[in-house]
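Q: Got a structure for you, upload.txt, holding compact mmCIF, C-alpha atoms and all ligand atoms.
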# COMPACT_ATOMS: atom_id res chain seq x y z
CA MET A 1178 97.56 189.90 101.50
CA LEU A 1179 94.53 190.24 103.79
CA VAL A 1180 91.38 191.20 101.89
CA SER A 1181 87.62 190.82 102.13
CA ALA A 1182 86.26 187.68 100.48
CA THR A 1183 83.86 189.46 98.12
CA GLU A 1184 86.04 189.80 95.03
CA MET A 1185 87.66 186.36 95.27
CA LEU A 1186 84.23 184.70 95.53
CA GLN A 1187 82.66 186.71 92.72
CA LYS A 1188 85.58 185.68 90.50
CA ALA A 1189 85.19 182.06 91.61
CA ARG A 1190 81.49 182.06 90.89
CA ALA A 1191 82.04 183.57 87.43
CA GLY A 1192 84.96 181.22 86.71
CA LYS A 1193 83.11 178.09 87.96
CA TYR A 1194 85.52 177.09 90.71
CA ALA A 1195 85.39 177.39 94.49
CA VAL A 1196 87.65 178.95 97.12
CA GLY A 1197 88.31 176.78 100.17
CA GLN A 1198 87.60 178.00 103.67
CA PHE A 1199 89.92 176.07 105.96
CA ASN A 1200 89.33 176.50 109.68
CA ILE A 1201 92.31 177.35 111.86
CA ASN A 1202 93.02 176.23 115.42
CA ASN A 1203 96.54 177.41 116.17
CA LEU A 1204 99.82 178.58 114.68
CA GLU A 1205 100.60 175.30 112.88
CA TRP A 1206 97.20 175.28 111.15
CA THR A 1207 97.51 178.90 110.05
CA LYS A 1208 101.06 178.54 108.76
CA ALA A 1209 100.26 175.30 106.89
CA ILE A 1210 97.24 176.82 105.13
CA LEU A 1211 98.92 180.14 104.26
CA LEU A 1212 102.02 178.43 102.84
CA THR A 1213 99.94 176.00 100.79
CA ALA A 1214 97.80 178.79 99.35
CA GLN A 1215 100.96 180.64 98.32
CA GLU A 1216 102.52 177.50 96.80
CA CYS A 1217 99.29 176.77 94.90
CA ASN A 1218 98.87 180.44 93.90
CA SER A 1219 95.33 180.16 95.24
CA PRO A 1220 93.06 182.55 97.11
CA VAL A 1221 92.10 181.21 100.53
CA ILE A 1222 89.76 181.89 103.43
CA LEU A 1223 90.89 181.23 107.00
CA GLY A 1224 87.80 180.28 109.02
CA VAL A 1225 87.66 180.92 112.76
CA SER A 1226 84.79 179.49 114.80
CA GLU A 1227 83.86 181.19 118.05
CA GLY A 1228 85.18 178.13 119.91
CA ALA A 1229 88.53 178.23 118.12
CA GLY A 1230 88.73 181.99 118.72
CA LYS A 1231 88.24 181.42 122.43
CA TYR A 1232 90.82 178.61 122.42
CA MET A 1233 93.38 180.97 120.86
CA THR A 1234 92.63 183.48 123.69
CA GLY A 1235 90.32 185.70 121.65
CA PHE A 1236 89.76 187.22 118.21
CA GLU A 1237 92.33 189.98 118.85
CA THR A 1238 95.05 187.35 119.24
CA VAL A 1239 93.91 185.53 116.11
CA SER A 1240 93.81 188.69 114.06
CA ALA A 1241 97.25 189.85 115.24
CA MET A 1242 98.77 186.41 114.55
CA VAL A 1243 97.26 186.09 111.08
CA LYS A 1244 98.26 189.62 110.03
CA ALA A 1245 101.82 189.22 111.28
CA MET A 1246 102.21 185.76 109.78
CA ASP A 1247 100.80 186.84 106.43
CA GLU A 1248 103.42 189.58 106.32
CA SER A 1249 106.37 187.66 107.67
CA LEU A 1250 105.78 184.72 105.30
CA GLY A 1251 105.51 187.19 102.39
CA ILE A 1252 102.08 185.89 101.35
CA THR A 1253 100.91 187.63 98.18
CA VAL A 1254 97.78 185.58 97.37
CA PRO A 1255 94.44 186.99 98.60
CA VAL A 1256 93.64 185.79 102.14
CA ALA A 1257 90.37 186.52 103.97
CA LEU A 1258 90.17 186.18 107.75
CA HIS A 1259 86.59 185.09 108.32
CA LEU A 1260 84.41 184.46 111.36
CA ASP A 1261 82.65 181.10 110.95
CA HIS A 1262 79.06 180.72 112.26
CA GLY A 1263 79.20 184.00 114.13
CA SER A 1264 76.71 185.06 116.75
CA TYR A 1265 75.50 188.66 116.71
CA ASP A 1266 77.99 189.61 119.48
CA GLY A 1267 80.75 187.54 117.90
CA CYS A 1268 80.37 189.49 114.64
CA TYR A 1269 80.92 192.81 116.42
CA LYS A 1270 83.96 191.41 118.26
CA CYS A 1271 85.55 190.27 114.99
CA ILE A 1272 84.80 193.57 113.25
CA LYS A 1273 86.59 195.33 116.11
CA ALA A 1274 89.48 192.85 116.06
CA GLY A 1275 90.21 193.54 112.37
CA PHE A 1276 88.79 190.47 110.64
CA THR A 1277 88.19 191.03 106.93
CA SER A 1278 85.02 188.95 106.69
CA ILE A 1279 82.24 187.69 108.95
CA MET A 1280 79.48 185.13 108.87
CA PHE A 1281 76.32 185.91 110.76
CA ASP A 1282 74.54 182.65 111.42
CA GLY A 1283 70.99 183.74 112.15
CA SER A 1284 69.56 180.50 110.79
CA HIS A 1285 68.17 179.47 114.20
CA PHE A 1286 66.18 182.74 114.55
CA PRO A 1287 62.71 183.20 113.05
CA ILE A 1288 63.17 184.61 109.54
CA GLU A 1289 62.05 188.15 110.59
CA GLU A 1290 64.75 188.31 113.26
CA ASN A 1291 67.37 186.79 110.94
CA VAL A 1292 66.45 189.52 108.41
CA ALA A 1293 66.64 192.37 110.96
CA LYS A 1294 69.99 191.35 112.42
CA THR A 1295 71.50 190.49 109.03
CA THR A 1296 70.43 193.90 107.64
CA GLU A 1297 72.15 195.73 110.48
CA LEU A 1298 75.35 193.68 110.18
CA VAL A 1299 75.47 194.03 106.37
CA ASN A 1300 75.46 197.83 106.78
CA VAL A 1301 78.16 197.83 109.45
CA ALA A 1302 80.36 195.33 107.60
CA HIS A 1303 80.11 197.15 104.28
CA GLN A 1304 80.84 200.55 105.78
CA LEU A 1305 84.12 199.09 107.03
CA GLY A 1306 84.95 197.13 103.85
CA LEU A 1307 84.32 193.65 105.25
CA SER A 1308 82.44 190.91 103.43
CA ILE A 1309 79.52 189.15 105.08
CA GLU A 1310 78.00 185.67 104.76
CA ALA A 1311 74.54 184.72 105.98
CA GLU A 1312 72.86 181.37 106.41
CA VAL A 1313 69.42 180.00 105.63
CA GLY A 1314 68.39 176.45 106.53
CA ALA A 1315 70.58 175.06 109.31
CA ILE A 1316 73.64 172.95 108.49
CA GLY A 1317 73.30 169.61 110.26
CA GLY A 1318 75.62 168.18 112.90
CA GLU A 1319 77.70 170.00 115.49
CA GLU A 1320 80.68 172.34 115.18
CA ASP A 1321 82.21 173.85 118.28
CA GLY A 1322 78.91 173.77 120.12
CA VAL A 1323 76.86 175.12 117.20
CA VAL A 1324 74.26 172.42 116.56
CA GLY A 1325 72.05 172.33 113.46
CA LYS A 1326 69.18 170.09 112.46
CA GLY A 1327 70.26 169.84 108.83
CA GLU A 1328 67.16 171.09 107.09
CA CYS A 1329 67.14 172.15 103.45
CA ALA A 1330 66.87 175.87 102.83
CA ASP A 1331 63.71 177.48 101.49
CA PRO A 1332 64.67 179.20 98.18
CA ASN A 1333 62.28 182.13 98.88
CA GLU A 1334 63.95 182.78 102.24
CA CYS A 1335 67.34 182.56 100.49
CA LYS A 1336 66.25 185.28 98.06
CA GLN A 1337 64.96 187.40 100.93
CA ILE A 1338 68.32 187.20 102.75
CA ALA A 1339 70.37 187.54 99.53
CA ASP A 1340 68.45 190.75 98.70
CA LEU A 1341 69.67 192.32 101.96
CA GLY A 1342 73.06 192.71 100.29
CA VAL A 1343 75.03 189.86 101.84
CA ASP A 1344 78.08 188.95 99.77
CA PHE A 1345 77.67 185.16 99.85
CA LEU A 1346 75.07 182.80 101.17
CA ALA A 1347 75.19 179.45 102.96
CA ALA A 1348 72.12 177.40 102.17
CA GLY A 1349 71.43 174.07 103.85
CA ILE A 1350 71.20 171.35 101.17
CA GLY A 1351 71.49 168.24 103.34
CA ASN A 1352 75.12 168.98 104.28
CA ILE A 1353 76.39 168.17 107.76
CA HIS A 1354 79.39 169.29 109.82
CA GLY A 1355 81.80 166.51 110.76
CA VAL A 1356 82.00 163.00 109.32
CA TYR A 1357 78.91 161.97 107.30
CA PRO A 1358 76.96 159.02 108.72
CA GLU A 1359 76.75 155.76 106.74
CA ASN A 1360 73.08 156.41 105.94
CA TRP A 1361 73.59 159.99 104.65
CA GLU A 1362 71.41 160.59 101.62
CA GLY A 1363 73.82 162.95 99.86
CA LEU A 1364 73.43 166.60 98.89
CA SER A 1365 70.03 167.76 97.67
CA PHE A 1366 70.88 169.13 94.22
CA GLU A 1367 67.21 169.85 93.72
CA THR A 1368 67.39 172.35 96.60
CA LEU A 1369 70.70 173.75 95.37
CA GLU A 1370 69.32 174.32 91.89
CA ALA A 1371 66.20 176.03 93.25
CA VAL A 1372 68.31 178.25 95.55
CA ASN A 1373 70.70 179.08 92.72
CA ASN A 1374 67.81 180.05 90.45
CA ALA A 1375 66.34 182.22 93.21
CA VAL A 1376 69.49 184.20 94.09
CA GLY A 1377 70.98 185.00 90.68
CA GLU A 1378 74.75 185.51 90.69
CA MET A 1379 75.19 185.29 94.47
CA PRO A 1380 78.17 183.02 95.37
CA LEU A 1381 76.82 180.08 97.38
CA VAL A 1382 78.63 178.45 100.29
CA LEU A 1383 78.85 174.73 100.98
CA HIS A 1384 79.53 173.99 104.65
CA GLY A 1385 80.46 170.53 105.91
CA GLY A 1386 83.03 169.94 103.13
CA THR A 1387 84.58 166.99 104.96
CA GLY A 1388 83.80 163.67 103.29
CA ILE A 1389 81.60 164.95 100.44
CA PRO A 1390 82.44 162.76 97.40
CA ASP A 1391 84.45 164.52 94.67
CA ASP A 1392 81.71 164.19 92.05
CA MET A 1393 79.19 165.91 94.34
CA ILE A 1394 81.68 168.74 94.95
CA THR A 1395 82.13 169.24 91.21
CA LYS A 1396 78.38 169.23 90.61
CA ALA A 1397 77.79 171.68 93.48
CA ILE A 1398 80.36 174.07 91.95
CA SER A 1399 78.57 173.84 88.58
CA LEU A 1400 75.38 174.94 90.40
CA GLY A 1401 76.77 178.13 91.93
CA VAL A 1402 78.82 177.00 94.95
CA ALA A 1403 81.90 179.25 95.11
CA LYS A 1404 83.08 178.69 98.71
CA ILE A 1405 83.55 175.31 100.37
CA ASN A 1406 84.27 174.96 104.09
CA VAL A 1407 86.58 172.23 105.33
CA ASN A 1408 87.43 171.73 108.98
CA THR A 1409 87.18 168.15 110.29
CA GLU A 1410 89.24 166.63 107.47
CA CYS A 1411 92.32 168.66 108.44
CA GLN A 1412 91.82 167.67 112.08
CA LEU A 1413 91.62 163.97 111.13
CA VAL A 1414 94.79 163.95 109.03
CA PHE A 1415 96.65 165.95 111.70
CA ALA A 1416 95.63 163.43 114.39
CA ASP A 1417 96.53 160.42 112.20
CA ALA A 1418 99.96 161.78 111.29
CA THR A 1419 100.72 162.66 114.93
CA ARG A 1420 99.63 159.21 116.09
CA GLY A 1421 101.85 157.60 113.43
CA TYR A 1422 104.87 159.57 114.67
CA ILE A 1423 104.31 158.60 118.29
CA GLU A 1424 103.40 154.99 117.59
CA ALA A 1425 106.63 154.65 115.59
CA GLY A 1426 108.46 155.76 118.77
CA LYS A 1427 109.94 158.80 116.99
CA ASP A 1428 109.33 161.08 119.97
CA LYS A 1429 111.72 158.84 121.93
CA GLN A 1430 114.54 159.08 119.41
CA GLY A 1431 117.04 161.88 119.98
CA LYS A 1432 115.17 165.14 120.41
CA GLY A 1433 112.06 163.78 118.71
CA PHE A 1434 109.98 165.13 121.58
CA ASP A 1435 110.74 168.73 120.48
CA PRO A 1436 107.30 170.17 119.55
CA ARG A 1437 108.73 171.46 116.30
CA LYS A 1438 109.49 167.83 115.37
CA LEU A 1439 106.46 166.25 117.05
CA LEU A 1440 104.00 168.53 115.24
CA ALA A 1441 105.80 168.43 111.87
CA PRO A 1442 104.05 165.33 110.42
CA GLY A 1443 100.63 166.79 111.30
CA PHE A 1444 101.63 170.11 109.77
CA GLU A 1445 102.71 168.39 106.54
CA ALA A 1446 99.48 166.36 106.52
CA ILE A 1447 97.39 169.55 106.67
CA LYS A 1448 99.43 171.02 103.81
CA ALA A 1449 98.83 167.93 101.66
CA LYS A 1450 95.09 167.93 102.45
CA VAL A 1451 94.68 171.64 101.68
CA LYS A 1452 96.54 171.21 98.36
CA GLU A 1453 94.32 168.25 97.44
CA LYS A 1454 91.20 170.33 98.15
CA MET A 1455 92.47 173.38 96.24
CA GLU A 1456 93.08 171.14 93.22
CA LEU A 1457 89.61 169.59 93.54
CA PHE A 1458 87.92 172.98 93.98
CA GLY A 1459 89.78 174.41 90.97
CA SER A 1460 91.30 177.39 92.79
CA VAL A 1461 94.94 176.63 91.94
CA ASP A 1462 96.55 179.48 89.95
CA LYS A 1463 93.50 181.69 90.44
CA ALA A 1464 95.15 184.17 92.84
P1 LIG B 1501 83.50 170.08 108.26
O1 LIG B 1501 84.10 170.09 109.62
O2 LIG B 1501 82.47 169.02 108.11
O3 LIG B 1501 84.55 170.03 107.19
O4 LIG B 1501 82.69 171.45 108.09
C1 LIG B 1501 83.39 172.67 108.12
C2 LIG B 1501 82.46 173.83 108.08
O5 LIG B 1501 81.43 173.80 107.48
C3 LIG B 1501 82.86 175.05 108.79
O6 LIG B 1501 81.82 175.95 108.88
Take the structure I supplied and represent it as structure tokens, if you would.

A:
Amino acid sequence: MLVSATEMLQKARAGKYAVGQFNINNLEWTKAILLTAQECNSPVILGVSEGAGKYMTGFETVSAMVKAMDESLGITVPVALHLDHGSYDGCYKCIKAGFTSIMFDGSHFPIEENVAKTTELVNVAHQLGLSIEAEVGAIGGEEDGVVGKGECADPNECKQIADLGVDFLAAGIGNIHGVYPENWEGLSFETLEAVNNAVGEMPLVLHGGTGIPDDMITKAISLGVAKINVNTECQLVFADATRGYIEAGKDKQGKGFDPRKLLAPGFEAIKAKVKEKMELFGSVDKA
């Protein structure tokens, strides 16, 4: 069931658990995540970066595929189709394509410009029943060409953006996209606490979910995080499982080269990873 992410995240915030945003890249990714959410009776957010949207030939294709798949698989748990780190133009394209949620990442603009553009997009999104996420304090690392310095968010700026009526807010707290470096100092809970105190009941978003230790995830949820984004970890387990299949020579046995067989171990690996995260985030049986 395709819905905006507002209600599922408000419930998560109140119930002290988090809903996973898992980024999709193709049909296998989408099917694996939808089926796992249904099996776990968990709400879920399908994240689409601008790069992944382009790879799948555009947001219209993504939207049509997700809607059709949601119906044909008989998915009854709440599913939000969400633009990840959207540009201003990207947000309008996804609104037109029928996404149910958008993220406007204005974190690289001066705060006045971030405020002006976010205000406009909040109004448009809400008129059409979509949810909207904004970001303050860039998330470090690189994701599909979006590069961030990884600074911690200023709680006053978070309040300023939260007050514009966004539905959930990503605040940089030392989190980084991709695999964390050996010398990573961990999440800044001091920043998270200050942001949480500044924004009231606003569900907070933790980007860069890959590789954050379980105890830090649990603590972040206790401090208001209600949405956790995971991308790289699914890519890593998919690649490992596919390599294992090929290195074992299975593609050379019978019709093992059939893509439906070749991609099956990676598909199953994504399912197992998504289930593990839903259990850790506490969203199982919360649909
Ligand atoms: P990871 O790739 O580090 O899991 O980050 C995902 C993310 O934050 C998507 O916006």

Q: Produce a table with one row for each residue of chain A that has an atom at most 7 Å from any atom of ligand LIG 1501 (chain B), each row naming the nearest atom pair and its distance in Å at one decimal; use only C-alpha atoms and all ligand atoms; arrange rows by chain and rising residue number; format as a Markdown table.

A:
| residue | atom | partner | partner_atom | distance |
| --- | --- | --- | --- | --- |
| A:Asn1200 | CA | B:LIG1501 | C3 | 6.7 |
| A:Asp1261 | CA | B:LIG1501 | O6 | 5.6 |
| A:His1262 | CA | B:LIG1501 | O6 | 6.5 |
| A:Glu1320 | CA | B:LIG1501 | O1 | 6.9 |
| A:Ile1353 | CA | B:LIG1501 | O2 | 6.1 |
| A:His1354 | CA | B:LIG1501 | O2 | 3.5 |
| A:Gly1355 | CA | B:LIG1501 | O2 | 3.7 |
| A:Val1356 | CA | B:LIG1501 | O2 | 6.2 |
| A:His1384 | CA | B:LIG1501 | O5 | 3.4 |
| A:Gly1385 | CA | B:LIG1501 | O4 | 3.3 |
| A:Gly1386 | CA | B:LIG1501 | O3 | 4.3 |
| A:Thr1387 | CA | B:LIG1501 | O3 | 3.8 |
| A:Asn1406 | CA | B:LIG1501 | C2 | 4.5 |
| A:Val1407 | CA | B:LIG1501 | O3 | 3.5 |
| A:Asn1408 | CA | B:LIG1501 | O1 | 3.8 |
| A:Thr1409 | CA | B:LIG1501 | O1 | 3.7 |
| A:Glu1410 | CA | B:LIG1501 | O3 | 5.8 |

Q: Find the spatial neighbours of Ala1375 in chain A, counting all atoms listed in the file, within a cut-off of 8 Å - ignore same-chain residues fewer than 3 positions away - and output them as a CSV table (one decimal) with C-alpha atoms, keeping the file's coordinate frame.

A:
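Final output, saved to out.csv:
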chain,number,residue,atom,x,y,z
A,1332,PRO,CA,64.7,179.2,98.2
A,1333,ASN,CA,62.3,182.1,98.9
A,1335,CYS,CA,67.3,182.6,100.5
A,1336,LYS,CA,66.2,185.3,98.1
A,1371,ALA,CA,66.2,176.0,93.2
A,1372,VAL,CA,68.3,178.2,95.6

Q: Taking only C-alpha atoms into account, name the residue in A:Thr1296, A:Asn1360, A:Asn1218, A:Thr1207 that is nearest to Val1343 in chain A.

A: A:Thr1296

Q: Write out as an MDAnalysis selection string each polymer residue whose atoms come within 12 Å of Gly1314 in chain A, counting all atoms listed in the file; drop sequence neighbours fewer than 5 positions from it.

A: chainID A and resid 1282:1288 1291 1325:1335 1338 1346:1353 1368:1369 1372 1383:1384

Q: Could you dump the residues just selected with C-alpha atoms as a PDB file, in the frame of the given file?

A:
ATOM      1  CA  ASP A1282      74.540 182.650 111.420  1.00  0.00           C
ATOM      2  CA  GLY A1283      70.990 183.740 112.150  1.00  0.00           C
ATOM      3  CA  SER A1284      69.560 180.500 110.790  1.00  0.00           C
ATOM      4  CA  HIS A1285      68.170 179.470 114.200  1.00  0.00           C
ATOM      5  CA  PHE A1286      66.180 182.740 114.550  1.00  0.00           C
ATOM      6  CA  PRO A1287      62.710 183.200 113.050  1.00  0.00           C
ATOM      7  CA  ILE A1288      63.170 184.610 109.540  1.00  0.00           C
ATOM      8  CA  ASN A1291      67.370 186.790 110.940  1.00  0.00           C
ATOM      9  CA  GLY A1325      72.050 172.330 113.460  1.00  0.00           C
ATOM     10  CA  LYS A1326      69.180 170.090 112.460  1.00  0.00           C
ATOM     11  CA  GLY A1327      70.260 169.840 108.830  1.00  0.00           C
ATOM     12  CA  GLU A1328      67.160 171.090 107.090  1.00  0.00           C
ATOM     13  CA  CYS A1329      67.140 172.150 103.450  1.00  0.00           C
ATOM     14  CA  ALA A1330      66.870 175.870 102.830  1.00  0.00           C
ATOM     15  CA  ASP A1331      63.710 177.480 101.490  1.00  0.00           C
ATOM     16  CA  PRO A1332      64.670 179.200  98.180  1.00  0.00           C
ATOM     17  CA  ASN A1333      62.280 182.130  98.880  1.00  0.00           C
ATOM     18  CA  GLU A1334      63.950 182.780 102.240  1.00  0.00           C
ATOM     19  CA  CYS A1335      67.340 182.560 100.490  1.00  0.00           C
ATOM     20  CA  ILE A1338      68.320 187.200 102.750  1.00  0.00           C
ATOM     21  CA  LEU A1346      75.070 182.800 101.170  1.00  0.00           C
ATOM     22  CA  ALA A1347      75.190 179.450 102.960  1.00  0.00           C
ATOM     23  CA  ALA A1348      72.120 177.400 102.170  1.00  0.00           C
ATOM     24  CA  GLY A1349      71.430 174.070 103.850  1.00  0.00           C
ATOM     25  CA  ILE A1350      71.200 171.350 101.170  1.00  0.00           C
ATOM     26  CA  GLY A1351      71.490 168.240 103.340  1.00  0.00           C
ATOM     27  CA  ASN A1352      75.120 168.980 104.280  1.00  0.00           C
ATOM     28  CA  ILE A1353      76.390 168.170 107.760  1.00  0.00           C
ATOM     29  CA  THR A1368      67.390 172.350  96.600  1.00  0.00           C
ATOM     30  CA  LEU A1369      70.700 173.750  95.370  1.00  0.00           C
ATOM     31  CA  VAL A1372      68.310 178.250  95.550  1.00  0.00           C
ATOM     32  CA  LEU A1383      78.850 174.730 100.980  1.00  0.00           C
ATOM     33  CA  HIS A1384      79.530 173.990 104.650  1.00  0.00           C
TER      34      HIS A1384
END

Q: Which distance in Å separates CA of Ala1209 in chain A and CA of Val1451 in chain A, to one decimal?

A: 8.5 Å

Q: Could you state the separation of CA of Ala1416 in chain A and CA of Arg1437 in chain A in Å, given to one decimal place?

A: 15.5 Å

Q: Here's a test: counting all atoms listed in the file, identify every protein, DNA and RNA residue with an atom at most 12 Å from (89.0, 194.2, 114.7) in the file's coordinate frame, and state them as a compact mmCIF listing (two decimals) with C-alpha atoms, keeping the file's coordinate frame.

A:
# COMPACT_ATOMS: atom_id res chain seq x y z
CA GLY A 1235 90.32 185.70 121.65
CA PHE A 1236 89.76 187.22 118.21
CA GLU A 1237 92.33 189.98 118.85
CA THR A 1238 95.05 187.35 119.24
CA VAL A 1239 93.91 185.53 116.11
CA SER A 1240 93.81 188.69 114.06
CA ALA A 1241 97.25 189.85 115.24
CA LYS A 1244 98.26 189.62 110.03
CA LEU A 1258 90.17 186.18 107.75
CA HIS A 1259 86.59 185.09 108.32
CA LEU A 1260 84.41 184.46 111.36
CA GLY A 1267 80.75 187.54 117.90
CA CYS A 1268 80.37 189.49 114.64
CA TYR A 1269 80.92 192.81 116.42
CA LYS A 1270 83.96 191.41 118.26
CA CYS A 1271 85.55 190.27 114.99
CA ILE A 1272 84.80 193.57 113.25
CA LYS A 1273 86.59 195.33 116.11
CA ALA A 1274 89.48 192.85 116.06
CA GLY A 1275 90.21 193.54 112.37
CA PHE A 1276 88.79 190.47 110.64
CA THR A 1277 88.19 191.03 106.93
CA SER A 1278 85.02 188.95 106.69
CA ILE A 1279 82.24 187.69 108.95
CA ALA A 1302 80.36 195.33 107.60
CA LEU A 1305 84.12 199.09 107.03
CA GLY A 1306 84.95 197.13 103.85
CA LEU A 1307 84.32 193.65 105.25

Q: Can you pull out every residue within 9 Å of Phe1366 in chain A, counting all atoms listed in the file, but drop anything in the same chain fewer than 6 positions away, and send it as JSON, numbers by chain?

A: {"A": [1350, 1393, 1396, 1397, 1400]}

Q: Could you state the separation of CA of Ser1181 in chain A and CA of Val1301 in chain A in Å, given to one decimal place?

A: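 Those two atoms sit 13.9 Å apart.
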
Q: Looking at only C-alpha atoms, which of A:Leu1381, A:Ala1441, A:Leu1341, A:Val1461 is the one that sits closest to Val1299 in chain A?

A: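 Nearest candidate to Val1299 in chain A out of A:Leu1381, A:Ala1441, A:Leu1341, A:Val1461: A:Leu1341.
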
Q: Using only C-alpha atoms, pick whichever of A:Gly1426, A:Gly1251, A:Gly1192, A:Pro1358 has the shortest atom-to-atom distance to Ile1398 in chain A.

A: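 Result for the nearest residue to Ile1398 in chain A: A:Gly1192.
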
Q: Excluding Leu1211 in chain A and its own-chain neighbours fewer than 2 positions away, which residues fall within 12 Å of it when counting all atoms listed in the file? Please give them as a PDB file with C-alpha atoms, keeping the file's coordinate frame.

A:
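Okay, part-v8.pdb is ready:
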ATOM      1  CA  MET A1178      97.560 189.900 101.500  1.00  0.00           C
ATOM      2  CA  LEU A1179      94.530 190.240 103.790  1.00  0.00           C
ATOM      3  CA  GLY A1197      88.310 176.780 100.170  1.00  0.00           C
ATOM      4  CA  GLN A1198      87.600 178.000 103.670  1.00  0.00           C
ATOM      5  CA  PHE A1199      89.920 176.070 105.960  1.00  0.00           C
ATOM      6  CA  ASN A1200      89.330 176.500 109.680  1.00  0.00           C
ATOM      7  CA  ILE A1201      92.310 177.350 111.860  1.00  0.00           C
ATOM      8  CA  LEU A1204      99.820 178.580 114.680  1.00  0.00           C
ATOM      9  CA  GLU A1205     100.600 175.300 112.880  1.00  0.00           C
ATOM     10  CA  TRP A1206      97.200 175.280 111.150  1.00  0.00           C
ATOM     11  CA  THR A1207      97.510 178.900 110.050  1.00  0.00           C
ATOM     12  CA  LYS A1208     101.060 178.540 108.760  1.00  0.00           C
ATOM     13  CA  ALA A1209     100.260 175.300 106.890  1.00  0.00           C
ATOM     14  CA  THR A1213      99.940 176.000 100.790  1.00  0.00           C
ATOM     15  CA  ALA A1214      97.800 178.790  99.350  1.00  0.00           C
ATOM     16  CA  GLN A1215     100.960 180.640  98.320  1.00  0.00           C
ATOM     17  CA  GLU A1216     102.520 177.500  96.800  1.00  0.00           C
ATOM     18  CA  CYS A1217      99.290 176.770  94.900  1.00  0.00           C
ATOM     19  CA  ASN A1218      98.870 180.440  93.900  1.00  0.00           C
ATOM     20  CA  SER A1219      95.330 180.160  95.240  1.00  0.00           C
ATOM     21  CA  PRO A1220      93.060 182.550  97.110  1.00  0.00           C
ATOM     22  CA  VAL A1221      92.100 181.210 100.530  1.00  0.00           C
ATOM     23  CA  ILE A1222      89.760 181.890 103.430  1.00  0.00           C
ATOM     24  CA  LEU A1223      90.890 181.230 107.000  1.00  0.00           C
ATOM     25  CA  VAL A1243      97.260 186.090 111.080  1.00  0.00           C
ATOM     26  CA  LYS A1244      98.260 189.620 110.030  1.00  0.00           C
ATOM     27  CA  ALA A1245     101.820 189.220 111.280  1.00  0.00           C
ATOM     28  CA  MET A1246     102.210 185.760 109.780  1.00  0.00           C
ATOM     29  CA  ASP A1247     100.800 186.840 106.430  1.00  0.00           C
ATOM     30  CA  GLU A1248     103.420 189.580 106.320  1.00  0.00           C
ATOM     31  CA  SER A1249     106.370 187.660 107.670  1.00  0.00           C
ATOM     32  CA  LEU A1250     105.780 184.720 105.300  1.00  0.00           C
ATOM     33  CA  GLY A1251     105.510 187.190 102.390  1.00  0.00           C
ATOM     34  CA  ILE A1252     102.080 185.890 101.350  1.00  0.00           C
ATOM     35  CA  THR A1253     100.910 187.630  98.180  1.00  0.00           C
ATOM     36  CA  VAL A1254      97.780 185.580  97.370  1.00  0.00           C
ATOM     37  CA  PRO A1255      94.440 186.990  98.600  1.00  0.00           C
ATOM     38  CA  VAL A1256      93.640 185.790 102.140  1.00  0.00           C
ATOM     39  CA  ALA A1257      90.370 186.520 103.970  1.00  0.00           C
ATOM     40  CA  LEU A1258      90.170 186.180 107.750  1.00  0.00           C
ATOM     41  CA  PHE A1444     101.630 170.110 109.770  1.00  0.00           C
ATOM     42  CA  ILE A1447      97.390 169.550 106.670  1.00  0.00           C
ATOM     43  CA  LYS A1448      99.430 171.020 103.810  1.00  0.00           C
ATOM     44  CA  VAL A1451      94.680 171.640 101.680  1.00  0.00           C
ATOM     45  CA  LYS A1452      96.540 171.210  98.360  1.00  0.00           C
TER      46      LYS A1452
END

Q: Enclose range 1353-1368 of chain A, meaning all of its atoms listed in the file, in a box aligned along x, y and z, pad it by 6 Å on each side, and list the centre and edge lengths in Å to one decimal, as lines of an AutoDock Vina configuration file.

A:
center_x = 74.6
center_y = 164.1
center_z = 102.2
size_x = 26.8
size_y = 28.6
size_z = 29.0

Q: Could you check which of A:Val1376, A:Ala1339, A:Tyr1265, A:Glu1184 is closest to Ser1308 in chain A, using all atoms listed in the file?

A: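 Answer, going by the shortest atom-to-atom distance: A:Glu1184.
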